[in-house]
Amino acid sequence: GVARSMGDGGPAASAWTVRRTRFGLGPIHAKVSAVAWEADSKRMGALLKSTVKAFVSATALAAVLGLSATAPAAAANVFRFAFQGDIKSLDPYSLKESFTIGMHGAVFDSLITRDKDLKLAPMLAESWENPEPTRWRFHLRKGVKFHDGSDFTADDVIFSATRVRAPGSNFTTNVPSDAEWVKIDDHTVKVIFKAPTPFWADPFVGSVGQILPKHHFGDYAGAKSRDAPGNLKPVGTGPYKFLEFKPGDLIRAERNPDYHIKNQPHFDTLEIKG
């Protein structure tokens, strides 16, 4: 959508704020001049007219052939997305780059997330509490499976918290280096900060908090992390299961039928082209 910049002067204002949403990301803002906007509007108007003409022609042809122009396609429900950049890595800790991070969110889950109102919401952790100012306890979902069928447990959380702060990670500054992660049982984890932390949720949300399977990455720590086979064929607990990766061209993923969030995801297949 398009909206005027805050504090603009109405119709005569010289700048507009353009908002669009990238796959898996939040709003992106850019400034464009009113002149450029008017020119783009004319081009879009011409494009719309040609599109309508093409649709009318296609409808007429369908009528001649005895087909319905609104008949559903035989192909699966596919989400296709194209971007000017490439997906650089399938290791969620290797690169802090927006397009790459967005793709990781389709394959991996974090402990907690944010809902449509940006409030904290459950993900792999179904609940949490703060018994002391510097201590947090997370209760993990039971019955969650990685895409290879293995169980998600506290061991994967502890491993991921260690790996995201290790050499080779591009997110070392996003997680307090002195925070202590402790396994209480297979589905409970305790996190201890050295001091009260106002942004305590940051290490557990989104790209920083995505959980890796220990059994896939455990032997590839530090400098060896870039050699992990999982970097080319990732396994997570997310809504989509990896299918294919052609560096510099295409990545494909399919719906995870065992996803732990009811009625998600909404597409059968992802095709992301960079």
# chains A, B, ... in the order shown; residues from 1 in each chain; ligands from 1
>>> residues_around(residues="Lys190 (chain A)", least_positions_apart="6", cutoff="7 Å", atoms="only C-alpha atoms", output="PDB file with all heavy atoms, in the first residue's frame")
ATOM      1  N   TRP A 136      14.752 -16.881  33.340  1.00  0.00           N
ATOM      2  CA  TRP A 136      13.574 -17.214  32.542  1.00  0.00           C
ATOM      3  C   TRP A 136      13.510 -18.724  32.379  1.00  0.00           C
ATOM      4  O   TRP A 136      14.537 -19.385  32.189  1.00  0.00           O
ATOM      5  CB  TRP A 136      13.645 -16.538  31.174  1.00  0.00           C
ATOM      6  CG  TRP A 136      13.523 -15.043  31.265  1.00  0.00           C
ATOM      7  CD1 TRP A 136      14.530 -14.148  31.470  1.00  0.00           C
ATOM      8  CD2 TRP A 136      12.319 -14.294  31.209  1.00  0.00           C
ATOM      9  NE1 TRP A 136      14.038 -12.879  31.534  1.00  0.00           N
ATOM     10  CE2 TRP A 136      12.674 -12.928  31.367  1.00  0.00           C
ATOM     11  CE3 TRP A 136      10.981 -14.616  31.014  1.00  0.00           C
ATOM     12  CZ2 TRP A 136      11.733 -11.910  31.352  1.00  0.00           C
ATOM     13  CZ3 TRP A 136      10.043 -13.610  30.994  1.00  0.00           C
ATOM     14  CH2 TRP A 136      10.431 -12.271  31.163  1.00  0.00           C
ATOM     15  N   ARG A 137      12.309 -19.254  32.451  1.00  0.00           N
ATOM     16  CA  ARG A 137      12.106 -20.695  32.275  1.00  0.00           C
ATOM     17  C   ARG A 137      11.142 -20.908  31.110  1.00  0.00           C
ATOM     18  O   ARG A 137      10.046 -20.344  31.082  1.00  0.00           O
ATOM     19  CB  ARG A 137      11.548 -21.321  33.555  1.00  0.00           C
ATOM     20  CG  ARG A 137      11.420 -22.847  33.464  1.00  0.00           C
ATOM     21  CD  ARG A 137      10.870 -23.445  34.750  1.00  0.00           C
ATOM     22  NE  ARG A 137      11.771 -23.225  35.867  1.00  0.00           N
ATOM     23  CZ  ARG A 137      11.480 -22.483  36.931  1.00  0.00           C
ATOM     24  NH1 ARG A 137      10.306 -21.880  37.010  1.00  0.00           N
ATOM     25  NH2 ARG A 137      12.344 -22.355  37.913  1.00  0.00           N
ATOM     26  N   PHE A 138      11.572 -21.743  30.143  1.00  0.00           N
ATOM     27  CA  PHE A 138      10.772 -22.013  28.942  1.00  0.00           C
ATOM     28  C   PHE A 138      10.267 -23.453  28.962  1.00  0.00           C
ATOM     29  O   PHE A 138      11.044 -24.387  29.195  1.00  0.00           O
ATOM     30  CB  PHE A 138      11.602 -21.783  27.685  1.00  0.00           C
ATOM     31  CG  PHE A 138      12.006 -20.354  27.470  1.00  0.00           C
ATOM     32  CD1 PHE A 138      13.176 -19.865  28.016  1.00  0.00           C
ATOM     33  CD2 PHE A 138      11.198 -19.490  26.739  1.00  0.00           C
ATOM     34  CE1 PHE A 138      13.554 -18.545  27.834  1.00  0.00           C
ATOM     35  CE2 PHE A 138      11.561 -18.176  26.544  1.00  0.00           C
ATOM     36  CZ  PHE A 138      12.738 -17.693  27.090  1.00  0.00           C
ATOM     37  N   TRP A 181      22.516 -21.080  29.584  1.00  0.00           N
ATOM     38  CA  TRP A 181      21.362 -21.881  29.192  1.00  0.00           C
ATOM     39  C   TRP A 181      21.482 -23.250  29.873  1.00  0.00           C
ATOM     40  O   TRP A 181      22.499 -23.930  29.737  1.00  0.00           O
ATOM     41  CB  TRP A 181      21.320 -22.070  27.684  1.00  0.00           C
ATOM     42  CG  TRP A 181      21.218 -20.779  26.917  1.00  0.00           C
ATOM     43  CD1 TRP A 181      22.131 -19.774  26.884  1.00  0.00           C
ATOM     44  CD2 TRP A 181      20.143 -20.366  26.081  1.00  0.00           C
ATOM     45  NE1 TRP A 181      21.697 -18.752  26.073  1.00  0.00           N
ATOM     46  CE2 TRP A 181      20.474 -19.083  25.567  1.00  0.00           C
ATOM     47  CE3 TRP A 181      18.935 -20.948  25.702  1.00  0.00           C
ATOM     48  CZ2 TRP A 181      19.650 -18.382  24.702  1.00  0.00           C
ATOM     49  CZ3 TRP A 181      18.100 -20.255  24.831  1.00  0.00           C
ATOM     50  CH2 TRP A 181      18.457 -18.980  24.345  1.00  0.00           C
ATOM     51  N   VAL A 182      20.444 -23.641  30.593  1.00  0.00           N
ATOM     52  CA  VAL A 182      20.496 -24.866  31.392  1.00  0.00           C
ATOM     53  C   VAL A 182      19.303 -25.757  31.050  1.00  0.00           C
ATOM     54  O   VAL A 182      18.151 -25.299  31.051  1.00  0.00           O
ATOM     55  CB  VAL A 182      20.472 -24.542  32.903  1.00  0.00           C
ATOM     56  CG1 VAL A 182      20.533 -25.830  33.721  1.00  0.00           C
ATOM     57  CG2 VAL A 182      21.620 -23.611  33.266  1.00  0.00           C
ATOM     58  N   LYS A 183      19.586 -27.022  30.776  1.00  0.00           N
ATOM     59  CA  LYS A 183      18.527 -28.004  30.547  1.00  0.00           C
ATOM     60  C   LYS A 183      18.013 -28.504  31.888  1.00  0.00           C
ATOM     61  O   LYS A 183      18.782 -29.010  32.708  1.00  0.00           O
ATOM     62  CB  LYS A 183      19.058 -29.166  29.712  1.00  0.00           C
ATOM     63  CG  LYS A 183      18.065 -30.312  29.546  1.00  0.00           C
ATOM     64  CD  LYS A 183      18.685 -31.480  28.787  1.00  0.00           C
ATOM     65  CE  LYS A 183      17.736 -32.674  28.730  1.00  0.00           C
ATOM     66  NZ  LYS A 183      18.337 -33.826  28.004  1.00  0.00           N
ATOM     67  N   ILE A 184      16.701 -28.378  32.116  1.00  0.00           N
ATOM     68  CA  ILE A 184      16.093 -28.908  33.338  1.00  0.00           C
ATOM     69  C   ILE A 184      15.582 -30.320  33.081  1.00  0.00           C
ATOM     70  O   ILE A 184      15.825 -31.242  33.873  1.00  0.00           O
ATOM     71  CB  ILE A 184      14.955 -27.988  33.817  1.00  0.00           C
ATOM     72  CG1 ILE A 184      15.535 -26.616  34.196  1.00  0.00           C
ATOM     73  CG2 ILE A 184      14.217 -28.605  35.002  1.00  0.00           C
ATOM     74  CD1 ILE A 184      14.506 -25.611  34.605  1.00  0.00           C
TER      75      ILE A 184
END
>>> residues_around(residues="region 175-178 of chain A", least_positions_apart="3", cutoff="9 Å", atoms="only C-alpha atoms", output="list in words")
Ala161, Val164, Arg165, Phe171, Thr172, Ile192, Phe193, Lys194, Asp202, Pro203, Phe204 and Val208 of chain A
>>> residues_around(residues="region 214-228 of chain A", least_positions_apart="2", cutoff="12 Å", atoms="only C-alpha atoms", output="ChimeraX atom specification")
/A:88-95,146-170,172,211-212,230-236
>>> residues_around(residues="Lys119 (chain A)", least_positions_apart="4", cutoff="12 Å", atoms="only C-alpha atoms", output="PyMOL selection string")
chain A and resi 112-115+201+205
>>> write_last_selection(atoms="N, CA, C and O atoms", output="compact mmCIF listing (two decimals), in the first residue's frame")
# COMPACT_ATOMS: atom_id res chain seq x y z
N ILE A 112 10.11 -18.44 20.54
CA ILE A 112 8.91 -17.62 20.61
C ILE A 112 8.86 -16.73 19.37
O ILE A 112 9.85 -16.60 18.64
N THR A 113 7.72 -16.12 19.13
CA THR A 113 7.56 -15.28 17.95
C THR A 113 6.75 -14.04 18.34
O THR A 113 6.52 -13.80 19.53
N ARG A 114 6.35 -13.27 17.35
CA ARG A 114 5.47 -12.13 17.60
C ARG A 114 4.22 -12.27 16.74
O ARG A 114 4.29 -12.70 15.59
N ASP A 115 3.08 -11.93 17.32
CA ASP A 115 1.82 -12.05 16.59
C ASP A 115 1.59 -10.80 15.74
O ASP A 115 2.46 -9.93 15.62
N ALA A 201 13.82 -10.80 25.35
CA ALA A 201 13.24 -11.71 24.35
C ALA A 201 14.05 -11.80 23.07
O ALA A 201 13.88 -12.75 22.29
N VAL A 205 13.61 -14.79 19.63
CA VAL A 205 12.62 -14.45 18.61
C VAL A 205 13.26 -14.39 17.23
O VAL A 205 14.35 -13.88 17.06
>>> closest_residue(among="A:Tyr259, A:Leu250, A:His266, A:Trp200", to="Phe81 (chain A)", atoms="only C-alpha atoms")
A:Leu250
>>> select_by_dssp(residues="region 145-190 of chain A", states="strand (DSSP E or B)", output="MDAnalysis selection string")
chainID A and resid 145 151 180:185 188:190
>>> write_last_selection(atoms="N, CA, C and O atoms", output="mmCIF file, in the first residue's frame")
data_model
loop_
_atom_site.group_PDB
_atom_site.id
_atom_site.type_symbol
_atom_site.label_atom_id
_atom_site.label_comp_id
_atom_site.auth_asym_id
_atom_site.auth_seq_id
_atom_site.Cartn_x
_atom_site.Cartn_y
_atom_site.Cartn_z
ATOM 1 N N LYS A 145 8.262 -32.575 15.858
ATOM 2 C CA LYS A 145 9.247 -33.360 15.119
ATOM 3 C C LYS A 145 10.041 -32.469 14.161
ATOM 4 O O LYS A 145 9.494 -31.524 13.585
ATOM 5 N N ASP A 151 12.801 -36.262 17.233
ATOM 6 C CA ASP A 151 12.119 -35.438 18.223
ATOM 7 C C ASP A 151 12.871 -34.137 18.502
ATOM 8 O O ASP A 151 14.109 -34.116 18.564
ATOM 9 N N GLU A 180 23.526 -17.864 30.478
ATOM 10 C CA GLU A 180 23.713 -19.299 30.726
ATOM 11 C C GLU A 180 22.411 -20.039 30.406
ATOM 12 O O GLU A 180 21.342 -19.679 30.892
ATOM 13 N N TRP A 181 22.516 -21.080 29.584
ATOM 14 C CA TRP A 181 21.362 -21.881 29.192
ATOM 15 C C TRP A 181 21.482 -23.250 29.873
ATOM 16 O O TRP A 181 22.499 -23.930 29.737
ATOM 17 N N VAL A 182 20.444 -23.641 30.593
ATOM 18 C CA VAL A 182 20.496 -24.866 31.392
ATOM 19 C C VAL A 182 19.303 -25.757 31.050
ATOM 20 O O VAL A 182 18.151 -25.299 31.051
ATOM 21 N N LYS A 183 19.586 -27.022 30.776
ATOM 22 C CA LYS A 183 18.527 -28.004 30.547
ATOM 23 C C LYS A 183 18.013 -28.504 31.888
ATOM 24 O O LYS A 183 18.782 -29.010 32.708
ATOM 25 N N ILE A 184 16.701 -28.378 32.116
ATOM 26 C CA ILE A 184 16.093 -28.908 33.338
ATOM 27 C C ILE A 184 15.582 -30.320 33.081
ATOM 28 O O ILE A 184 15.825 -31.242 33.873
ATOM 29 N N ASP A 185 14.871 -30.503 31.968
ATOM 30 C CA ASP A 185 14.475 -31.826 31.505
ATOM 31 C C ASP A 185 14.296 -31.742 29.990
ATOM 32 O O ASP A 185 14.624 -30.716 29.391
ATOM 33 N N THR A 188 12.082 -28.606 29.211
ATOM 34 C CA THR A 188 12.182 -27.390 30.018
ATOM 35 C C THR A 188 13.608 -26.863 29.973
ATOM 36 O O THR A 188 14.560 -27.631 30.158
ATOM 37 N N VAL A 189 13.743 -25.566 29.714
ATOM 38 C CA VAL A 189 15.049 -24.924 29.641
ATOM 39 C C VAL A 189 15.025 -23.663 30.503
ATOM 40 O O VAL A 189 14.038 -22.914 30.498
ATOM 41 N N LYS A 190 16.122 -23.445 31.213
ATOM 42 C CA LYS A 190 16.264 -22.239 32.030
ATOM 43 C C LYS A 190 17.358 -21.370 31.435
ATOM 44 O O LYS A 190 18.414 -21.868 31.031
#
>>> residues_around(residues="Gly248 (chain A)", least_positions_apart="3", cutoff="10 Å", atoms="only C-alpha atoms", output="list in words")
Gly85, Asp86, Ile87, Lys88, Phe245, Ile251, Lys273 and Gly274 of chain A
>>> write_last_selection(atoms="C-alpha atoms", output="PDB file, in the first residue's frame")
ATOM      1  CA  GLY A  85      19.396 -11.015  -4.689  1.00  0.00           C
ATOM      2  CA  ASP A  86      20.483 -14.593  -4.011  1.00  0.00           C
ATOM      3  CA  ILE A  87      20.003 -16.809  -0.986  1.00  0.00           C
ATOM      4  CA  LYS A  88      23.555 -16.925   0.325  1.00  0.00           C
ATOM      5  CA  PHE A 245      18.471 -25.695  -3.715  1.00  0.00           C
ATOM      6  CA  ILE A 251      15.022 -22.960  -3.766  1.00  0.00           C
ATOM      7  CA  LYS A 273      13.935 -17.457  -7.096  1.00  0.00           C
ATOM      8  CA  GLY A 274      16.909 -15.190  -6.544  1.00  0.00           C
TER       9      GLY A 274
END
>>> closest_residue(among="A:Glu126, A:Glu132, A:Asp117, A:Glu254", to="Glu271 (chain A)", atoms="only C-alpha atoms")
A:Glu254
>>> residues_around(residues="Asn256 (chain A)", least_positions_apart="4", cutoff="6 Å", atoms="only C-alpha atoms", output="ChimeraX atom specification")
/A:239-241
